[in-house]
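Chemist: Okay, handing you the structure first.
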Amino acid sequence: EGRSWTGLHRHALMTCIDLDRYRDDLEFIAAPRTPGSAHWLAVQERCADALEAAGLVVELQPYGTGTNVVGVLPGVGAEADEVVLLGAHYDHITGCDGADDNASGVAGALEIARVLGGAALHRTLVIACWDEEELGLVGSHAYAQGLVDPAAVAVAFNFDMIGFAAGAPDTQAFPAPLADRFPDLAAELDAHQHRADFIAVVADESAAAAAADLEARAEGLGRVTGVMTLTAAEKLDDNAFGILSQSDHRSFWERDIPALHIFDTGVFRNPAYHCFGGPDTVDTLDHAFTSDVLRATVGALAAAAVVDAPKP
């Protein structure tokens, strides 16, 4: 059933996240799914079916070596030719369940699609499941490079690993180069005793407003959130902060599209990243953490898509 925006406040949208639906998708997706495998295809179909059921117009977009799944909810305002995007990669490496990386992000994107799919947003909403991120951001790069008018994308959000958290002190690594570059965040993490339970956001300067909005919403939920904003010179400099651009948001930065990356810090927190230190399985994840990620993100996405609505 369609919902008018005037009848549904952004804060109300944040309460609509259903963790049971998220977990159903997460548990289905979290199994080895290398590109071309049977489960990779099943996950691709799961993405398409979920986005369609949420009310989005779905297109499978093959690009040569893989296939992106892209759902579109047309905007209803004067800004309908502008796009707000959320993406997450659905592929993974051989022999690893990839629950955090990135079943969590895909399941989260599908749940946000369900929440926003009936809303009358002014800008067009795109929710995408990218292929072949693990092979070099191939799917998102193909999509971004194929955009006829990249300036039409107002902002792109990226989920890649939003499921792992640990509340004990000294469970979060924050390497010295990052601490030196982001001293305020380093001080906040010191005060937080380096607990691995904060939400991390990486943004370029053009996406700083969206990142700040997401941060405010997450901290309003009681969740410490750290934003790392990179300059135009830094964001594509692999010799400086390349570790912060190793997911699909980089594909949008390469086309000067404002983009932000929401994640649990991956290798700096989760010992099972790529199954190096153990299995990356659903039972290792913290769904309360993910709930806060999803609630903050759905509010920030809605705010970005309703460009003339008053601030909450």
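Every chain in the structure tokens has a letter given in the order shown (A, B, ...), and although residue numbers restart at 1 in each chain, ligands are simply numbered from 1 in the order shown.
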May I have the residues within 10 Å of Cys16 in chain A as a ChimeraX atom specification, using only C-alpha atoms and disregarding those fewer than 4 positions away in the same chain?

Modeler: /A:11-12,111-112,114-116,294-295,298

Chemist: Filtering to N, CA, C and O atoms, could you give me those residues as a short mmCIF file (atom, residue, chain, number, x, y, z; two decimals), in the first residue's frame?

Modeler:
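selection-v3.cif, freshly written:
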data_model
loop_
_atom_site.label_atom_id
_atom_site.label_comp_id
_atom_site.auth_asym_id
_atom_site.auth_seq_id
_atom_site.Cartn_x
_atom_site.Cartn_y
_atom_site.Cartn_z
N HIS A 11 11.36 9.90 11.31
CA HIS A 11 11.60 9.15 12.54
C HIS A 11 10.75 7.88 12.58
O HIS A 11 11.19 6.85 13.08
N ALA A 12 9.53 7.97 12.05
CA ALA A 12 8.69 6.78 12.00
C ALA A 12 9.29 5.73 11.09
O ALA A 12 9.25 4.53 11.39
N GLU A 111 16.24 -4.84 3.30
CA GLU A 111 15.30 -4.42 4.33
C GLU A 111 14.97 -2.93 4.19
O GLU A 111 13.81 -2.52 4.35
N ILE A 112 15.96 -2.12 3.90
CA ILE A 112 15.68 -0.70 3.68
C ILE A 112 14.77 -0.51 2.46
O ILE A 112 13.90 0.36 2.45
N ARG A 114 12.41 -2.49 1.59
CA ARG A 114 11.05 -2.80 2.04
C ARG A 114 10.44 -1.61 2.80
O ARG A 114 9.26 -1.33 2.68
N VAL A 115 11.28 -0.95 3.58
CA VAL A 115 10.78 0.17 4.38
C VAL A 115 10.45 1.37 3.49
O VAL A 115 9.43 2.04 3.67
N LEU A 116 11.31 1.66 2.52
CA LEU A 116 11.13 2.85 1.70
C LEU A 116 10.31 2.61 0.44
O LEU A 116 9.91 3.56 -0.23
N LEU A 294 20.94 0.25 10.30
CA LEU A 294 19.82 0.32 9.36
C LEU A 294 18.87 1.45 9.71
O LEU A 294 18.38 2.17 8.82
N ARG A 295 18.60 1.64 10.98
CA ARG A 295 17.67 2.70 11.39
C ARG A 295 18.24 4.07 11.05
O ARG A 295 17.54 4.95 10.54
N VAL A 298 18.29 4.45 7.06
CA VAL A 298 16.99 4.67 6.41
C VAL A 298 16.51 6.09 6.66
O VAL A 298 15.93 6.74 5.76
#

Chemist: Would you mind listing, for every residue of range 174-271 of chain A within 10 Å of range 137-140 of chain A, the two atoms forming the shortest contact and the distance between them in Å to one decimal, using only C-alpha atoms, sorted by chain and ascending residue number, as JSON lines?

Modeler:
{"residue": "A:Gln246", "atom": "CA", "partner": "A:Leu137", "partner_atom": "CA", "distance": 8.1}
{"residue": "A:Ser247", "atom": "CA", "partner": "A:Leu137", "partner_atom": "CA", "distance": 6.6}
{"residue": "A:Asp248", "atom": "CA", "partner": "A:Leu137", "partner_atom": "CA", "distance": 5.7}
{"residue": "A:His249", "atom": "CA", "partner": "A:Ser140", "partner_atom": "CA", "distance": 8.2}
{"residue": "A:Arg250", "atom": "CA", "partner": "A:Leu137", "partner_atom": "CA", "distance": 8.2}
{"residue": "A:Ser251", "atom": "CA", "partner": "A:Ser140", "partner_atom": "CA", "distance": 6.0}
{"residue": "A:Phe252", "atom": "CA", "partner": "A:Ser140", "partner_atom": "CA", "distance": 8.0}

Chemist: Output N, CA, C and O atoms for every residue in that selection, as a PDB file, in the first residue's frame.

Modeler:
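Output file selection.pdb follows:
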ATOM      1  N   GLN A 246      38.392   1.012  -0.450  1.00  0.00           N
ATOM      2  CA  GLN A 246      38.456  -0.326  -1.036  1.00  0.00           C
ATOM      3  C   GLN A 246      37.088  -1.004  -1.124  1.00  0.00           C
ATOM      4  O   GLN A 246      36.993  -2.222  -1.009  1.00  0.00           O
ATOM      5  N   SER A 247      36.052  -0.215  -1.301  1.00  0.00           N
ATOM      6  CA  SER A 247      34.737  -0.795  -1.533  1.00  0.00           C
ATOM      7  C   SER A 247      34.028   0.035  -2.597  1.00  0.00           C
ATOM      8  O   SER A 247      34.601   0.954  -3.184  1.00  0.00           O
ATOM      9  N   ASP A 248      32.760  -0.280  -2.835  1.00  0.00           N
ATOM     10  CA  ASP A 248      32.086   0.227  -4.027  1.00  0.00           C
ATOM     11  C   ASP A 248      31.838   1.727  -4.036  1.00  0.00           C
ATOM     12  O   ASP A 248      31.551   2.290  -5.107  1.00  0.00           O
ATOM     13  N   HIS A 249      31.946   2.404  -2.906  1.00  0.00           N
ATOM     14  CA  HIS A 249      31.804   3.868  -2.925  1.00  0.00           C
ATOM     15  C   HIS A 249      32.868   4.518  -3.809  1.00  0.00           C
ATOM     16  O   HIS A 249      32.629   5.575  -4.391  1.00  0.00           O
ATOM     17  N   ARG A 250      34.034   3.872  -3.908  1.00  0.00           N
ATOM     18  CA  ARG A 250      35.108   4.432  -4.746  1.00  0.00           C
ATOM     19  C   ARG A 250      34.657   4.586  -6.199  1.00  0.00           C
ATOM     20  O   ARG A 250      35.054   5.547  -6.879  1.00  0.00           O
ATOM     21  N   SER A 251      33.845   3.677  -6.695  1.00  0.00           N
ATOM     22  CA  SER A 251      33.390   3.764  -8.087  1.00  0.00           C
ATOM     23  C   SER A 251      32.648   5.063  -8.345  1.00  0.00           C
ATOM     24  O   SER A 251      32.697   5.610  -9.458  1.00  0.00           O
ATOM     25  N   PHE A 252      31.956   5.567  -7.324  1.00  0.00           N
ATOM     26  CA  PHE A 252      31.216   6.817  -7.473  1.00  0.00           C
ATOM     27  C   PHE A 252      32.136   8.021  -7.283  1.00  0.00           C
ATOM     28  O   PHE A 252      31.993   9.027  -7.988  1.00  0.00           O
TER      29      PHE A 252
END

Chemist: Determine the nearest neighbour of Leu121 in chain A from the options A:Leu51, A:Val57, A:Ala80, A:Ala156, counting only C-alpha atoms.

Modeler: A:Ala80

Chemist: Which residues in range 112-187 of chain A does DSSP call alpha helix (DSSP H)? List them as a list in words.

Modeler: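 Result set for range 112-187 of chain A (alpha helix (DSSP H)): Ile112, Ala113, Arg114, Val115, Leu116, Val138, Gly139, Ser140, His141, Ala142, Tyr143, Ala144, Gln145, Ala176, Pro177, Leu178, Ala179, Asp180, Arg181, Pro183, Asp184, Leu185, Ala186 and Ala187 of chain A.
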
Chemist: Could you pull out the strand (DSSP E) residues of range 89-140 of chain A from DSSP and send them as a list of chain:residue names?

Modeler: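 So, restricting range 89-140 of chain A to strand (DSSP E), we get A:His89, A:Thr124, A:Leu125, A:Val126, A:Ile127, A:Ala128, A:Cys129, A:Trp130.
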
Chemist: Go ahead and write the residues just picked, N, CA, C and O atoms, as a short mmCIF file (atom, residue, chain, number, x, y, z; two decimals), in the first residue's frame.

Modeler:
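Final output, part.cif:
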data_model
loop_
_atom_site.label_atom_id
_atom_site.label_comp_id
_atom_site.auth_asym_id
_atom_site.auth_seq_id
_atom_site.Cartn_x
_atom_site.Cartn_y
_atom_site.Cartn_z
N HIS A 89 27.49 -5.09 -2.19
CA HIS A 89 27.93 -6.16 -3.09
C HIS A 89 27.50 -7.53 -2.58
O HIS A 89 27.59 -7.82 -1.39
N THR A 124 14.37 10.19 -6.93
CA THR A 124 14.31 8.77 -7.27
C THR A 124 15.27 8.00 -6.38
O THR A 124 16.41 8.41 -6.16
N LEU A 125 14.81 6.87 -5.87
CA LEU A 125 15.62 6.00 -5.03
C LEU A 125 16.09 4.81 -5.86
O LEU A 125 15.29 4.16 -6.53
N VAL A 126 17.38 4.53 -5.81
CA VAL A 126 17.96 3.34 -6.44
C VAL A 126 18.59 2.49 -5.35
O VAL A 126 19.37 3.00 -4.54
N ILE A 127 18.23 1.21 -5.33
CA ILE A 127 18.86 0.26 -4.42
C ILE A 127 19.43 -0.86 -5.27
O ILE A 127 18.72 -1.47 -6.07
N ALA A 128 20.74 -1.11 -5.10
CA ALA A 128 21.45 -2.01 -6.01
C ALA A 128 22.23 -3.07 -5.25
O ALA A 128 22.78 -2.81 -4.18
N CYS A 129 22.29 -4.26 -5.83
CA CYS A 129 23.16 -5.34 -5.37
C CYS A 129 24.26 -5.48 -6.41
O CYS A 129 24.01 -5.90 -7.55
N TRP A 130 25.47 -5.09 -6.03
CA TRP A 130 26.60 -5.08 -6.96
C TRP A 130 27.25 -6.45 -7.04
O TRP A 130 27.36 -7.16 -6.05
#

Chemist: Counting only C-alpha atoms, which residue out of A:Gly95, A:Pro183, A:Gly299, A:Gly167 sits closest to Arg195 in chain A?

Modeler: A:Gly167

Chemist: Could you pull the residues within 10 Å of Ala208 in chain A, counting only C-alpha atoms, minus those fewer than 5 positions along the same chain, as JSON, numbers by chain?

Modeler: {"A": [202, 203, 213, 214, 227, 228, 229, 230, 258, 259, 260]}

Chemist: Deliver the residues from the most recent selection as a file, using N, CA, C and O atoms, as a short mmCIF file (atom, residue, chain, number, x, y, z; two decimals), in the first residue's frame.

Modeler:
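Writing the result to part.cif gives the following:
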data_model
loop_
_atom_site.label_atom_id
_atom_site.label_comp_id
_atom_site.auth_asym_id
_atom_site.auth_seq_id
_atom_site.Cartn_x
_atom_site.Cartn_y
_atom_site.Cartn_z
N VAL A 202 32.81 6.57 6.14
CA VAL A 202 33.82 7.24 5.33
C VAL A 202 33.07 8.04 4.27
O VAL A 202 32.18 7.50 3.60
N ALA A 203 33.42 9.31 4.12
CA ALA A 203 32.74 10.15 3.14
C ALA A 203 33.75 11.05 2.45
O ALA A 203 34.82 11.34 2.99
N ASP A 213 24.33 13.83 8.87
CA ASP A 213 22.94 13.52 9.20
C ASP A 213 22.83 12.08 9.71
O ASP A 213 22.17 11.82 10.72
N LEU A 214 23.50 11.16 9.04
CA LEU A 214 23.49 9.76 9.49
C LEU A 214 24.12 9.65 10.88
O LEU A 214 23.59 8.94 11.75
N VAL A 227 32.90 9.55 11.83
CA VAL A 227 32.93 9.92 10.41
C VAL A 227 34.35 10.31 10.03
O VAL A 227 34.98 11.14 10.71
N MET A 228 34.85 9.72 8.97
CA MET A 228 36.15 10.06 8.40
C MET A 228 35.91 10.69 7.03
O MET A 228 35.52 9.99 6.10
N THR A 229 36.12 12.01 6.94
CA THR A 229 35.86 12.73 5.70
C THR A 229 37.18 12.99 4.98
O THR A 229 38.10 13.57 5.55
N LEU A 230 37.24 12.55 3.73
CA LEU A 230 38.45 12.69 2.92
C LEU A 230 38.28 13.84 1.94
O LEU A 230 37.20 14.06 1.39
N PRO A 258 29.04 12.42 -5.00
CA PRO A 258 29.13 12.34 -3.54
C PRO A 258 28.80 10.93 -3.06
O PRO A 258 27.79 10.35 -3.48
N ALA A 259 29.64 10.37 -2.20
CA ALA A 259 29.41 8.99 -1.75
C ALA A 259 29.93 8.82 -0.33
O ALA A 259 30.91 9.43 0.08
N LEU A 260 29.23 7.95 0.40
CA LEU A 260 29.67 7.59 1.74
C LEU A 260 29.54 6.09 1.95
O LEU A 260 28.69 5.43 1.35
#

Chemist: Can you measure CA of Glu59 in chain A to CA of Ser291 in chain A for me? One decimal in Å is fine.

Modeler: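 Value for the CA of Glu59 in chain A-CA of Ser291 in chain A distance: 27.8 Å.
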
Chemist: Taking into account only C-alpha atoms, which residue in the set A:Ala210, A:Gly226, A:Asp264, A:Ala154 is nearest to Phe182 in chain A?

Modeler: A:Gly226

Chemist: So which one's closest to Asp149 in chain A, A:Asp18, A:Glu82, A:Asp292, A:Asp238? Using only C-alpha atoms, please.

Modeler: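 Smallest distance to Asp149 in chain A is found for A:Glu82.
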
Chemist: Using only C-alpha atoms, can you tell me which of A:Cys275, A:Ile199, A:Ala103, A:Ala120 comes closest to Gln172 in chain A?

Modeler: A:Ile199

Chemist: Restricting the calculation to only C-alpha atoms: of A:Ala144, A:Leu86, A:Leu189, A:Ala179, which residue gets closest to Thr297 in chain A?

Modeler: A:Leu86

Chemist: Using CA of Leu13 in chain A and CA of Ala302 in chain A as the two end points, give the distance in Å to one decimal.

Modeler: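 CA of Ala302 in chain A lies at a distance of 8.3 Å from CA of Leu13 in chain A.
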
Chemist: Need to verify the contact set: Phe198 in chain A, 10 Å, only C-alpha atoms, exclusion of same-chain residues closer than 2 positions in sequence. Can you return it as a list of chain:residue names?

Modeler: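 The residues that qualify are A:Phe164, A:Ala165, A:Ala166, A:Gly167, A:Gln172, A:Leu189, A:His192, A:His194, A:Arg195, A:Ala196, A:Ala200, A:Val201, A:Ala218, A:Glu219, A:Gly222, A:Arg223, A:Val224, A:Thr225, A:Gly226, A:Phe263, A:Asp264, A:Thr265, A:Phe289, A:Asp292, A:Val293.
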
Chemist: Excluding same-chain residues fewer than 3 positions from Ala304 in chain A, what lies within 8 Å of it counting only C-alpha atoms, as a list of chain:residue names?

Modeler: A:Val84, A:Val155, A:Ala210, A:Ala300, A:Leu301, A:Val307

Chemist: Report as a PyMOL selection string all protein, DNA and RNA residues lying within 12 Å of Gly36 in chain A, evaluated on only C-alpha atoms, omitting residues in the same chain fewer than 4 positions from it.

Modeler: chain A and resi 32+40-44+65-67+91-94+131-132

Chemist: Output all heavy atoms for every residue in the selection just made, as a short mmCIF file (atom, residue, chain, number, x, y, z; two decimals), in the first residue's frame.

Modeler:
data_model
loop_
_atom_site.label_atom_id
_atom_site.label_comp_id
_atom_site.auth_asym_id
_atom_site.auth_seq_id
_atom_site.Cartn_x
_atom_site.Cartn_y
_atom_site.Cartn_z
N PRO A 32 28.96 -19.71 0.73
CA PRO A 32 29.88 -19.40 -0.38
C PRO A 32 29.12 -19.07 -1.66
O PRO A 32 28.20 -19.77 -2.05
CB PRO A 32 30.71 -20.68 -0.51
CG PRO A 32 30.73 -21.23 0.89
CD PRO A 32 29.35 -20.96 1.42
N TRP A 40 25.51 -18.03 -5.82
CA TRP A 40 25.63 -16.67 -6.35
C TRP A 40 24.38 -16.33 -7.16
O TRP A 40 23.80 -15.25 -7.01
CB TRP A 40 26.89 -16.58 -7.19
CG TRP A 40 27.02 -15.39 -8.10
CD1 TRP A 40 27.52 -14.16 -7.80
CD2 TRP A 40 26.64 -15.33 -9.49
NE1 TRP A 40 27.49 -13.34 -8.89
CE2 TRP A 40 26.96 -14.03 -9.95
CE3 TRP A 40 26.09 -16.25 -10.38
CZ2 TRP A 40 26.73 -13.63 -11.26
CZ3 TRP A 40 25.85 -15.85 -11.69
CH2 TRP A 40 26.18 -14.56 -12.11
N LEU A 41 23.95 -17.27 -8.02
CA LEU A 41 22.76 -17.03 -8.83
C LEU A 41 21.52 -16.96 -7.95
O LEU A 41 20.64 -16.11 -8.16
CB LEU A 41 22.60 -18.14 -9.87
CG LEU A 41 21.38 -18.02 -10.80
CD1 LEU A 41 21.40 -16.71 -11.58
CD2 LEU A 41 21.32 -19.22 -11.75
N ALA A 42 21.45 -17.82 -6.93
CA ALA A 42 20.29 -17.80 -6.03
C ALA A 42 20.21 -16.48 -5.26
O ALA A 42 19.12 -15.94 -5.04
CB ALA A 42 20.38 -18.98 -5.05
N VAL A 43 21.35 -15.94 -4.87
CA VAL A 43 21.36 -14.66 -4.16
C VAL A 43 20.97 -13.53 -5.12
O VAL A 43 20.22 -12.63 -4.75
CB VAL A 43 22.74 -14.40 -3.52
CG1 VAL A 43 22.84 -12.98 -2.97
CG2 VAL A 43 23.02 -15.43 -2.43
N GLN A 44 21.46 -13.59 -6.33
CA GLN A 44 21.07 -12.61 -7.34
C GLN A 44 19.55 -12.60 -7.49
O GLN A 44 18.91 -11.53 -7.53
CB GLN A 44 21.74 -12.96 -8.66
CG GLN A 44 21.47 -12.03 -9.80
CD GLN A 44 22.02 -12.59 -11.11
OE1 GLN A 44 21.26 -12.90 -12.03
NE2 GLN A 44 23.33 -12.73 -11.20
N THR A 65 31.21 -9.42 -17.46
CA THR A 65 31.71 -10.51 -16.62
C THR A 65 30.78 -10.82 -15.45
O THR A 65 30.98 -11.82 -14.75
CB THR A 65 33.10 -10.18 -16.05
OG1 THR A 65 33.03 -8.97 -15.28
CG2 THR A 65 34.11 -10.00 -17.18
N GLY A 66 29.78 -10.00 -15.20
CA GLY A 66 28.90 -10.22 -14.07
C GLY A 66 27.57 -9.53 -14.27
O GLY A 66 27.27 -8.99 -15.35
N THR A 67 26.76 -9.51 -13.20
CA THR A 67 25.40 -8.97 -13.29
C THR A 67 25.05 -8.19 -12.03
O THR A 67 25.08 -8.75 -10.92
CB THR A 67 24.37 -10.10 -13.49
OG1 THR A 67 24.69 -10.85 -14.66
CG2 THR A 67 22.96 -9.53 -13.63
N ASP A 91 28.56 -10.62 -4.09
CA ASP A 91 29.54 -11.68 -4.35
C ASP A 91 30.45 -11.86 -3.15
O ASP A 91 30.51 -11.01 -2.25
CB ASP A 91 30.38 -11.33 -5.57
CG ASP A 91 31.24 -10.08 -5.34
OD1 ASP A 91 30.65 -9.02 -5.02
OD2 ASP A 91 32.47 -10.15 -5.47
N HIS A 92 31.17 -12.97 -3.12
CA HIS A 92 32.20 -13.16 -2.09
C HIS A 92 33.26 -14.11 -2.63
O HIS A 92 33.20 -14.57 -3.76
CB HIS A 92 31.60 -13.67 -0.78
CG HIS A 92 32.52 -13.46 0.39
ND1 HIS A 92 33.20 -12.28 0.60
CD2 HIS A 92 32.90 -14.29 1.41
CE1 HIS A 92 33.93 -12.38 1.70
NE2 HIS A 92 33.79 -13.59 2.19
N ILE A 93 34.26 -14.37 -1.78
CA ILE A 93 35.39 -15.19 -2.19
C ILE A 93 35.09 -16.67 -2.01
O ILE A 93 34.13 -17.05 -1.35
CB ILE A 93 36.66 -14.80 -1.41
CG1 ILE A 93 36.46 -15.06 0.09
CG2 ILE A 93 37.02 -13.34 -1.67
CD1 ILE A 93 37.72 -14.87 0.92
N THR A 94 35.94 -17.51 -2.56
CA THR A 94 35.76 -18.96 -2.50
C THR A 94 35.87 -19.48 -1.07
O THR A 94 36.75 -19.05 -0.32
CB THR A 94 36.81 -19.65 -3.38
OG1 THR A 94 36.69 -19.16 -4.72
CG2 THR A 94 36.64 -21.15 -3.37
N ASP A 131 27.75 -6.78 -8.20
CA ASP A 131 28.50 -8.02 -8.42
C ASP A 131 30.00 -7.71 -8.46
O ASP A 131 30.42 -6.58 -8.73
CB ASP A 131 28.05 -8.66 -9.73
CG ASP A 131 28.40 -10.14 -9.83
OD1 ASP A 131 28.96 -10.70 -8.86
OD2 ASP A 131 28.10 -10.73 -10.89
N GLU A 132 30.80 -8.71 -8.16
CA GLU A 132 32.26 -8.72 -8.38
C GLU A 132 33.01 -7.59 -7.67
O GLU A 132 34.03 -7.14 -8.17
CB GLU A 132 32.57 -8.71 -9.89
CG GLU A 132 32.09 -9.96 -10.60
CD GLU A 132 32.56 -10.04 -12.04
OE1 GLU A 132 32.50 -9.01 -12.76
OE2 GLU A 132 32.98 -11.12 -12.45
#
